[in-house]
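Right, one structure below, let's go through it.
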Amino acid sequence: MKRIVITLLLITLSLTRFSPAATVRGYVRAYDGNAPIASALVAIEPQKGTDFRAQTHTDPDGFFEFRNVPEGVYKIAGMKECYYSNSLFDFYVSGVGLYEVKVRLILNEKGGDDLSYCFMIGGIEVEAKGRDILPEEIATTRKIDSGEIDHLQASNLGDVLTLVPGVEKSGQMGLAKQQNVGLRKVKRSDSGLYGFDSFGTSVIVDGNEISGDAQAAGYVSGSGEQSGTDLRIIPADNIASVEVITGIPSVEYGNFTDGIVKVETKKGQVSRRFKAKINPDTKGFSYNGGHKFKEAVFDYHVNYSYSERNLRKTGDEYQRLYGSANLSRSYFNDKLDARLGATYTRIFDDEEPNDEYRMQNTNRGYRASGKVDLKYKAKKNIRYDIFAGIDLDVEDVVKQKMVVDQLFLPYGTDISGIDTSYCSIVPLRDTVFVAGTDSILRIDSLLMVYPFNATASQKGKEWDISFKLKRSSDFAWGDTKHNLLFGLETDYEKNSGEGVVLDSTFNYYGKSSTKRSYSFDDFPANLKFSFYAEDKMNFDLFKRRMDILFGIRYDLFNPERLRLSFDEGFSLFDAKQGDFFSPRFNLKYQLSDDLALRAGTGQSVKAVSLTQIYRVPKHIAYYDTVSQQQTEKILYQVNEYLKSYVSQKTEASLDWKVNRMVGVSLTGYYAKTKDRPRSVTYPEGYEINPDTINTEYSYAVYENVGWEEDYGLELTLRTNRIHDVKYAINATYRYSNSGGDNLTYDPDYRSTSAEWELWYPSPRVWQSKLVLDGQASYLNQRFGLWVTMDIQYTPFYKKQTVYSSNGFESVNEYNDPYTFYQGMYYWYDAEEYNYTGQWLINLRISKSLGPNTEVSLYINNFFDNRARFISPYTESEIELNSPIYYGLEMSVQL
């Protein structure tokens, strides 16, 4: 009996020892650079068919191993402090054998012990947990990471900003037309966010501000006198993150009135990745990579995009070629981080002469920049940041068209450059009446040219040289922690080059045009200085945390001499564009564990552009009856002491964490912009006699008489992922009221029997809009799938021009009574417009095809709802939404 028991025990042990079991081993590596991660926790947990589980840590080479793993389906998870955790699902072990595994972790820029979940769908970085359901920042901020940008399949920064709540999504993504951003603006995006609607938003890329202050905009490239930066020059594929600040920011930021768009591009030891995209408008590809050479890291980024705007026209294309590179290295035992960077963007914007007017437009300009970025940690709690950069924006615009005008030229005029295939050249003899007079010009012979081909060009360089120095330190004083910030900035802007070139005889804008050639060298330099100081402190008040940020910024524009003055507020310098002190204050108080109050108030200053100061002069051609000769007079339109303008903003927010899954934020704001430049027209001779009435000649200058009031409410509800789905609902209401304190000149005020005035009050314009946004985002790592649906509905967008000038009663063509005010052109100019019922649904899908490959698809305006609006006054029809639009993108990690 004893032998039988021993034999059974031996058989049992033998079967147990040799039951099917496997070894699972592998490495934990960093996603960027593939560096080994030591001391990472690796866990294997059962999913199906087994109860086996185990944990281990990686060795200095990132290696780990599990032995005697029985058959089953497992989840293998990797975790490490300062990294996002990652898991491999449905890992099947069939029995005896060796299984190799690689777990890749993504660096968590926040640091600390946050082990939130992050993984890859092909080359798209997905943070599964997502950001907190309540704002963390003291100022109202929206952050967009690279995963959201890749999932959107954006072509440029303008596309990316459609992810900001309240921004209309009705336009087409791509490069077909200029894209600008206007934070918290009411105007419809399809109307074009030009002028001050975009000029007040500051765009900062890797610490370098891209502004339009140095624009010497000419006739050829459009007015552009105060428009913001065309965001098509910033490709989305190279963006690591975007931070949109619409609240009261740190005094570190200046030169804005509406908000800040802060862009960080991809840098460092990035993985090599090739991406290609295609949609009906834009095709393109990009390639990123980064390599480590001993102690230095070199990264590079290349992008090419091509847009065929009008498929029915040959040669109507927009092309963008972009390249950037960075060289980074640490010195002095990692105390100094140094980075050299360079960027080059080339534009090919062409329109061939395929229409009846033989219009041909080319833009072959480019933008190049270089920078040095130094970060030095002098002590554990003291840090210095130094930035030096140079930007060069080269303009090379040429336009050509057929001008339908009759030109009378002296016989013998060189006309060898005229294309005679479509114009007539007729010799005339004897006498010719001089246009606009009763005089007769007696000559032997004239040539009449009708029509004629004309060319205009705009060529020049915009230089922007900037330097920034910042010192930050932190310390504790009792129970209060302080973070001090001091800094200075200087900016030098200059235009150079031949400028605008027009043929004085064959004028591109017609024979009666007042426009002439001028050189960009005529514009003086623009010089700006800024100094700031700030203290960010936190302490406990009534056993609740309180954060306070207080700072002051001093901006100086084109100083002339030192002079202490109290004439118009406190001033240190005589400066052409003024000097300003801008205080800012923010607080955040935790009212309870789940309820926080944020509030702030402050001022910001925006520099005016060079072309608002030095407006191009008007050249008036007229016949001098004394000398009996055709001559010209010049009306200068310069306001050399046009001041920069300010915006004063106040806002308050309540953040409520309903439970661990749902958070709600409500923000209200009010902003007043004062002394904004506004074009004011004067009759010739006004400077001599203000009562002058001149029906023929006038000129216009920019003056600080414009103003705008904005207020609104923003309600946001966000959730964490509930069964793999995350929800977000936003309601945004905005109201704007703008106008000017100036009077408007009307030389024809006597042309009617009404009580018109030579100078009448300028009208104002109010607008209001409500935008509702909803988003559902489904995420499944096992299938490598990310699906997002956006719904946007605009219940109303209203606008109206309000006149305070004299008027008279009349009836329109429908026999409806109305009041016709001075300054109106049509009977409905003072009526209210209401664009109602605009809605659309956008869908985007990203799916992994393998560990390093994914494909993405988007369909915008899924149901092809054009949101047609028919004007009740003119019966004209417009489409508020772009038609159904789609795109496909694929990327591969190499």
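Quick note on naming: the chains in the structure tokens go A, B, ... in the order shown, residues restart at 1 in each chain, and ligands are numbered from 1 in order of appearance.
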
What are the DSSP strand (DSSP E or B) residues of range 95-176 of chain A, as a VMD selection string?
chain A and resid 97 to 105 107 117 to 121 124 to 127 141 to 145 156

Keeping only N, CA and C atoms, write those residues as an mmCIF file, in the first residue's frame.
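Wrote it out as result.cif, contents follow:
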data_model
loop_
_atom_site.group_PDB
_atom_site.id
_atom_site.type_symbol
_atom_site.label_atom_id
_atom_site.label_comp_id
_atom_site.auth_asym_id
_atom_site.auth_seq_id
_atom_site.Cartn_x
_atom_site.Cartn_y
_atom_site.Cartn_z
ATOM 1 N N GLY A 97 6.667 27.158 -24.618
ATOM 2 C CA GLY A 97 7.314 27.969 -25.626
ATOM 3 C C GLY A 97 7.824 29.273 -25.054
ATOM 4 N N LEU A 98 8.444 30.049 -25.904
ATOM 5 C CA LEU A 98 9.003 31.343 -25.499
ATOM 6 C C LEU A 98 8.249 32.446 -26.252
ATOM 7 N N TYR A 99 7.724 33.404 -25.504
ATOM 8 C CA TYR A 99 6.945 34.492 -26.092
ATOM 9 C C TYR A 99 7.658 35.818 -25.820
ATOM 10 N N GLU A 100 7.915 36.552 -26.902
ATOM 11 C CA GLU A 100 8.604 37.836 -26.791
ATOM 12 C C GLU A 100 7.574 38.976 -26.794
ATOM 13 N N VAL A 101 7.774 39.934 -25.890
ATOM 14 C CA VAL A 101 6.834 41.044 -25.744
ATOM 15 C C VAL A 101 7.622 42.350 -25.662
ATOM 16 N N LYS A 102 7.096 43.398 -26.268
ATOM 17 C CA LYS A 102 7.673 44.742 -26.094
ATOM 18 C C LYS A 102 6.558 45.677 -25.615
ATOM 19 N N VAL A 103 6.787 46.287 -24.450
ATOM 20 C CA VAL A 103 5.849 47.253 -23.887
ATOM 21 C C VAL A 103 6.457 48.636 -24.026
ATOM 22 N N ARG A 104 5.734 49.538 -24.657
ATOM 23 C CA ARG A 104 6.249 50.897 -24.886
ATOM 24 C C ARG A 104 5.439 51.892 -24.053
ATOM 25 N N LEU A 105 6.149 52.738 -23.298
ATOM 26 C CA LEU A 105 5.508 53.724 -22.443
ATOM 27 C C LEU A 105 5.780 55.124 -22.969
ATOM 28 N N LEU A 107 6.173 59.143 -22.291
ATOM 29 C CA LEU A 107 6.575 60.055 -21.228
ATOM 30 C C LEU A 107 5.429 60.982 -20.859
ATOM 31 N N TYR A 117 -3.660 56.236 -17.963
ATOM 32 C CA TYR A 117 -3.527 55.252 -19.025
ATOM 33 C C TYR A 117 -3.342 55.927 -20.379
ATOM 34 N N CYS A 118 -2.317 55.528 -21.117
ATOM 35 C CA CYS A 118 -2.038 56.098 -22.436
ATOM 36 C C CYS A 118 -1.484 55.004 -23.333
ATOM 37 N N PHE A 119 -1.910 54.980 -24.597
ATOM 38 C CA PHE A 119 -1.437 53.963 -25.518
ATOM 39 C C PHE A 119 -1.433 54.538 -26.929
ATOM 40 N N MET A 120 -1.075 53.715 -27.901
ATOM 41 C CA MET A 120 -0.954 54.151 -29.283
ATOM 42 C C MET A 120 -1.959 53.418 -30.161
ATOM 43 N N ILE A 121 -2.583 54.162 -31.067
ATOM 44 C CA ILE A 121 -3.315 53.571 -32.193
ATOM 45 C C ILE A 121 -2.462 53.839 -33.418
ATOM 46 N N ILE A 124 -0.842 57.281 -33.505
ATOM 47 C CA ILE A 124 -1.620 58.284 -32.786
ATOM 48 C C ILE A 124 -1.534 58.023 -31.287
ATOM 49 N N GLU A 125 -1.076 59.003 -30.564
ATOM 50 C CA GLU A 125 -0.967 58.888 -29.108
ATOM 51 C C GLU A 125 -2.329 59.193 -28.477
ATOM 52 N N VAL A 126 -2.840 58.230 -27.696
ATOM 53 C CA VAL A 126 -4.174 58.343 -27.116
ATOM 54 C C VAL A 126 -4.055 58.303 -25.598
ATOM 55 N N GLU A 127 -4.528 59.346 -24.948
ATOM 56 C CA GLU A 127 -4.591 59.375 -23.494
ATOM 57 C C GLU A 127 -5.987 58.926 -23.097
ATOM 58 N N THR A 141 -8.461 78.148 -20.041
ATOM 59 C CA THR A 141 -7.516 77.598 -21.012
ATOM 60 C C THR A 141 -8.085 76.328 -21.605
ATOM 61 N N ARG A 142 -7.827 76.117 -22.881
ATOM 62 C CA ARG A 142 -8.192 74.871 -23.565
ATOM 63 C C ARG A 142 -6.928 74.279 -24.168
ATOM 64 N N LYS A 143 -6.629 73.013 -23.833
ATOM 65 C CA LYS A 143 -5.432 72.344 -24.337
ATOM 66 C C LYS A 143 -5.811 71.281 -25.355
ATOM 67 N N ILE A 144 -5.017 71.211 -26.404
ATOM 68 C CA ILE A 144 -5.224 70.239 -27.479
ATOM 69 C C ILE A 144 -3.914 69.483 -27.671
ATOM 70 N N ASP A 145 -3.940 68.151 -27.560
ATOM 71 C CA ASP A 145 -2.711 67.379 -27.686
ATOM 72 C C ASP A 145 -2.569 66.807 -29.091
ATOM 73 N N ASN A 156 -3.520 72.295 -40.997
ATOM 74 C CA ASN A 156 -2.817 73.474 -40.515
ATOM 75 C C ASN A 156 -3.401 73.874 -39.164
#

Test item: residues at most 7 Å from range 787-799 of chain A, only C-alpha atoms, excluding those fewer than 3 positions along its chain, as an MDAnalysis selection string
chainID A and resid 766:779 832:846

Kindly export the residues of the current selection with N, CA and C atoms, as an mmCIF file, in the first residue's frame.
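Result saved to again34.cif:
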data_model
loop_
_atom_site.group_PDB
_atom_site.id
_atom_site.type_symbol
_atom_site.label_atom_id
_atom_site.label_comp_id
_atom_site.auth_asym_id
_atom_site.auth_seq_id
_atom_site.Cartn_x
_atom_site.Cartn_y
_atom_site.Cartn_z
ATOM 1 N N TRP A 766 -24.071 95.735 -33.568
ATOM 2 C CA TRP A 766 -24.131 94.719 -32.521
ATOM 3 C C TRP A 766 -24.381 93.350 -33.157
ATOM 4 N N GLN A 767 -23.832 92.339 -32.504
ATOM 5 C CA GLN A 767 -23.984 90.961 -32.955
ATOM 6 C C GLN A 767 -24.161 90.064 -31.729
ATOM 7 N N SER A 768 -24.922 89.009 -31.877
ATOM 8 C CA SER A 768 -25.052 88.021 -30.804
ATOM 9 C C SER A 768 -25.210 86.639 -31.428
ATOM 10 N N LYS A 769 -24.732 85.639 -30.696
ATOM 11 C CA LYS A 769 -24.760 84.286 -31.247
ATOM 12 C C LYS A 769 -24.769 83.267 -30.115
ATOM 13 N N LEU A 770 -25.498 82.201 -30.316
ATOM 14 C CA LEU A 770 -25.510 81.065 -29.401
ATOM 15 C C LEU A 770 -25.077 79.830 -30.180
ATOM 16 N N VAL A 771 -24.049 79.151 -29.655
ATOM 17 C CA VAL A 771 -23.530 77.943 -30.304
ATOM 18 C C VAL A 771 -23.582 76.799 -29.299
ATOM 19 N N LEU A 772 -24.189 75.675 -29.719
ATOM 20 C CA LEU A 772 -24.273 74.472 -28.896
ATOM 21 C C LEU A 772 -23.409 73.390 -29.531
ATOM 22 N N ASP A 773 -22.490 72.828 -28.730
ATOM 23 C CA ASP A 773 -21.598 71.772 -29.209
ATOM 24 C C ASP A 773 -21.811 70.514 -28.382
ATOM 25 N N GLY A 774 -21.822 69.379 -29.049
ATOM 26 C CA GLY A 774 -21.861 68.093 -28.366
ATOM 27 C C GLY A 774 -20.853 67.149 -28.976
ATOM 28 N N GLN A 775 -20.221 66.339 -28.135
ATOM 29 C CA GLN A 775 -19.222 65.400 -28.642
ATOM 30 C C GLN A 775 -19.313 64.087 -27.878
ATOM 31 N N ALA A 776 -19.251 62.989 -28.627
ATOM 32 C CA ALA A 776 -19.149 61.652 -28.049
ATOM 33 C C ALA A 776 -17.928 60.981 -28.655
ATOM 34 N N SER A 777 -17.053 60.467 -27.782
ATOM 35 C CA SER A 777 -15.797 59.874 -28.239
ATOM 36 C C SER A 777 -15.674 58.457 -27.697
ATOM 37 N N TYR A 778 -15.643 57.479 -28.599
ATOM 38 C CA TYR A 778 -15.544 56.070 -28.238
ATOM 39 C C TYR A 778 -14.131 55.587 -28.480
ATOM 40 N N LEU A 779 -13.586 54.859 -27.498
ATOM 41 C CA LEU A 779 -12.194 54.415 -27.562
ATOM 42 C C LEU A 779 -12.114 52.952 -27.140
ATOM 43 N N GLU A 832 -32.525 94.112 -38.887
ATOM 44 C CA GLU A 832 -31.857 93.031 -38.156
ATOM 45 C C GLU A 832 -31.808 91.775 -39.016
ATOM 46 N N TYR A 833 -30.632 91.136 -39.020
ATOM 47 C CA TYR A 833 -30.466 89.848 -39.708
ATOM 48 C C TYR A 833 -30.418 88.754 -38.648
ATOM 49 N N ASN A 834 -31.041 87.631 -38.936
ATOM 50 C CA ASN A 834 -31.030 86.507 -38.005
ATOM 51 C C ASN A 834 -30.808 85.220 -38.787
ATOM 52 N N TYR A 835 -29.617 84.656 -38.644
ATOM 53 C CA TYR A 835 -29.275 83.409 -39.314
ATOM 54 C C TYR A 835 -29.594 82.269 -38.341
ATOM 55 N N THR A 836 -30.665 81.537 -38.599
ATOM 56 C CA THR A 836 -31.153 80.552 -37.630
ATOM 57 C C THR A 836 -31.007 79.139 -38.174
ATOM 58 N N GLY A 837 -31.015 78.188 -37.225
ATOM 59 C CA GLY A 837 -31.154 76.778 -37.586
ATOM 60 C C GLY A 837 -29.952 76.157 -38.259
ATOM 61 N N GLN A 838 -28.753 76.648 -38.022
ATOM 62 C CA GLN A 838 -27.557 76.063 -38.641
ATOM 63 C C GLN A 838 -27.087 74.886 -37.802
ATOM 64 N N TRP A 839 -27.017 73.695 -38.383
ATOM 65 C CA TRP A 839 -26.526 72.528 -37.658
ATOM 66 C C TRP A 839 -25.748 71.628 -38.600
ATOM 67 N N LEU A 840 -24.878 70.825 -38.020
ATOM 68 C CA LEU A 840 -24.112 69.856 -38.798
ATOM 69 C C LEU A 840 -23.586 68.769 -37.870
ATOM 70 N N ILE A 841 -23.200 67.651 -38.456
ATOM 71 C CA ILE A 841 -22.625 66.522 -37.740
ATOM 72 C C ILE A 841 -21.331 66.123 -38.443
ATOM 73 N N ASN A 842 -20.261 66.034 -37.690
ATOM 74 C CA ASN A 842 -18.969 65.600 -38.205
ATOM 75 C C ASN A 842 -18.589 64.269 -37.562
ATOM 76 N N LEU A 843 -17.998 63.408 -38.347
ATOM 77 C CA LEU A 843 -17.607 62.086 -37.870
ATOM 78 C C LEU A 843 -16.161 61.816 -38.262
ATOM 79 N N ARG A 844 -15.386 61.250 -37.335
ATOM 80 C CA ARG A 844 -14.008 60.865 -37.643
ATOM 81 C C ARG A 844 -13.685 59.542 -36.957
ATOM 82 N N ILE A 845 -12.930 58.713 -37.669
ATOM 83 C CA ILE A 845 -12.604 57.358 -37.215
ATOM 84 C C ILE A 845 -11.114 57.127 -37.418
ATOM 85 N N SER A 846 -10.455 56.574 -36.401
ATOM 86 C CA SER A 846 -9.054 56.157 -36.511
ATOM 87 C C SER A 846 -8.975 54.687 -36.130
#

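Distances from A:Leu488, A:Leu183, A:Leu321, A:Val261 to Asp710 in chain A were compared using only C-alpha atoms, and the smallest one belongs to A:Leu183.
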
Could you list, as a list in words, every residue within 6 Å of range 86-91 of chain A, counting only C-alpha atoms and ignoring same-chain residues fewer than 2 positions away?
Val73, Tyr74, Lys75, Ile76, Ala77, Gly78, Cys118, Phe119 and Arg782 of chain A

For Gln458 in chain A, find every residue with an atom within 12 Å (counting only C-alpha atoms), except residues of its own chain fewer than 2 positions away, and show them as a PyMOL selection string.
chain A and resi 216-222+361-365+394-400+455-456+460-461+496-502+516-520

Among the residues A:Leu894, A:Leu157, A:Val24, A:Ile138, the one that comes closest to Asn538 in chain A [using only C-alpha atoms]:
A:Ile138

Pick from A:Ser565, A:Asn694, A:Asn34, A:Ser85: nearest to Arg272 in chain A, with only C-alpha atoms counted?
A:Asn34

Who sits within 6 Å of range 636-645 of chain A, only C-alpha atoms, same chain under 2 positions skipped, as a PyMOL selection string:
chain A and resi 576-578+605-608+613-615+617+675-676+700-701

Output file for the selection above: N, CA, C and O atoms, as a compact mmCIF listing (two decimals), in the first residue's frame:
# COMPACT_ATOMS: atom_id res chain seq x y z
N LYS A 576 6.03 107.27 -29.69
CA LYS A 576 5.12 107.51 -30.80
C LYS A 576 3.84 106.70 -30.67
O LYS A 576 2.74 107.20 -30.91
N GLN A 577 3.97 105.45 -30.28
CA GLN A 577 2.79 104.60 -30.14
C GLN A 577 2.43 104.37 -28.67
O GLN A 577 1.59 103.53 -28.36
N GLY A 578 3.06 105.12 -27.76
CA GLY A 578 2.64 105.12 -26.37
C GLY A 578 3.37 104.14 -25.49
O GLY A 578 4.09 103.25 -25.95
N VAL A 605 -2.36 95.06 -24.01
CA VAL A 605 -2.11 96.10 -25.00
C VAL A 605 -1.75 95.44 -26.33
O VAL A 605 -1.00 94.46 -26.37
N LYS A 606 -2.27 95.98 -27.42
CA LYS A 606 -1.96 95.47 -28.76
C LYS A 606 -1.30 96.56 -29.58
O LYS A 606 -1.80 97.69 -29.68
N ALA A 607 -0.14 96.24 -30.15
CA ALA A 607 0.55 97.18 -31.02
C ALA A 607 -0.21 97.35 -32.33
O ALA A 607 -0.86 96.42 -32.82
N VAL A 608 -0.12 98.52 -32.90
CA VAL A 608 -0.74 98.77 -34.21
C VAL A 608 0.26 98.37 -35.30
O VAL A 608 1.46 98.30 -35.07
N ILE A 613 -0.28 102.98 -39.35
CA ILE A 613 0.40 104.25 -39.07
C ILE A 613 0.71 104.98 -40.38
O ILE A 613 0.36 106.15 -40.55
N TYR A 614 1.36 104.27 -41.29
CA TYR A 614 1.83 104.87 -42.54
C TYR A 614 0.97 104.35 -43.69
O TYR A 614 1.39 103.53 -44.49
N ARG A 615 -0.24 104.84 -43.74
CA ARG A 615 -1.14 104.43 -44.81
C ARG A 615 -0.63 104.97 -46.13
O ARG A 615 -0.09 106.09 -46.21
N PRO A 617 -0.14 106.80 -49.50
CA PRO A 617 -0.73 108.06 -49.98
C PRO A 617 -1.57 107.87 -51.24
O PRO A 617 -1.41 106.89 -51.97
N ASP A 675 -9.78 102.80 -27.78
CA ASP A 675 -8.77 103.49 -28.61
C ASP A 675 -8.29 102.62 -29.76
O ASP A 675 -7.13 102.71 -30.17
N ARG A 676 -9.16 101.78 -30.29
CA ARG A 676 -8.77 100.95 -31.42
C ARG A 676 -8.69 101.79 -32.69
O ARG A 676 -9.55 102.65 -32.92
N ALA A 700 -7.85 109.62 -46.01
CA ALA A 700 -8.25 108.93 -44.78
C ALA A 700 -7.02 108.56 -43.97
O ALA A 700 -5.98 108.17 -44.53
N VAL A 701 -7.12 108.66 -42.66
CA VAL A 701 -6.06 108.25 -41.74
C VAL A 701 -6.68 107.42 -40.63
O VAL A 701 -7.89 107.51 -40.36

Which residues are near Gly389 in chain A? Cut-off 7 Å, only C-alpha atoms, ignore same chain within fewer than 2 positions. Put them as an MDAnalysis selection string.
chainID A and resid 370:372 387 391 465:467

What are the closest atom pairs, with distances in Å to one decimal, for all residues of range 773-876 of chain A lying within 12 Å of range 279-298 of chain A? Consider only C-alpha atoms, order rows by chain and residue number, and present the result as a Markdown table.
| residue | atom | partner | partner_atom | distance |
| --- | --- | --- | --- | --- |
| A:Ser856 | CA | A:Asn279 | CA | 11.7 |
| A:Leu857 | CA | A:Asn279 | CA | 9.8 |
| A:Tyr858 | CA | A:Asn279 | CA | 9.4 |
| A:Ile859 | CA | A:Asn279 | CA | 10.1 |
| A:Asn860 | CA | A:Asn279 | CA | 11.3 |

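Nearest residue to Asp829 in chain A among A:Tyr873, A:Tyr682, A:Phe63, A:Phe862 is A:Tyr873, counting only C-alpha atoms.
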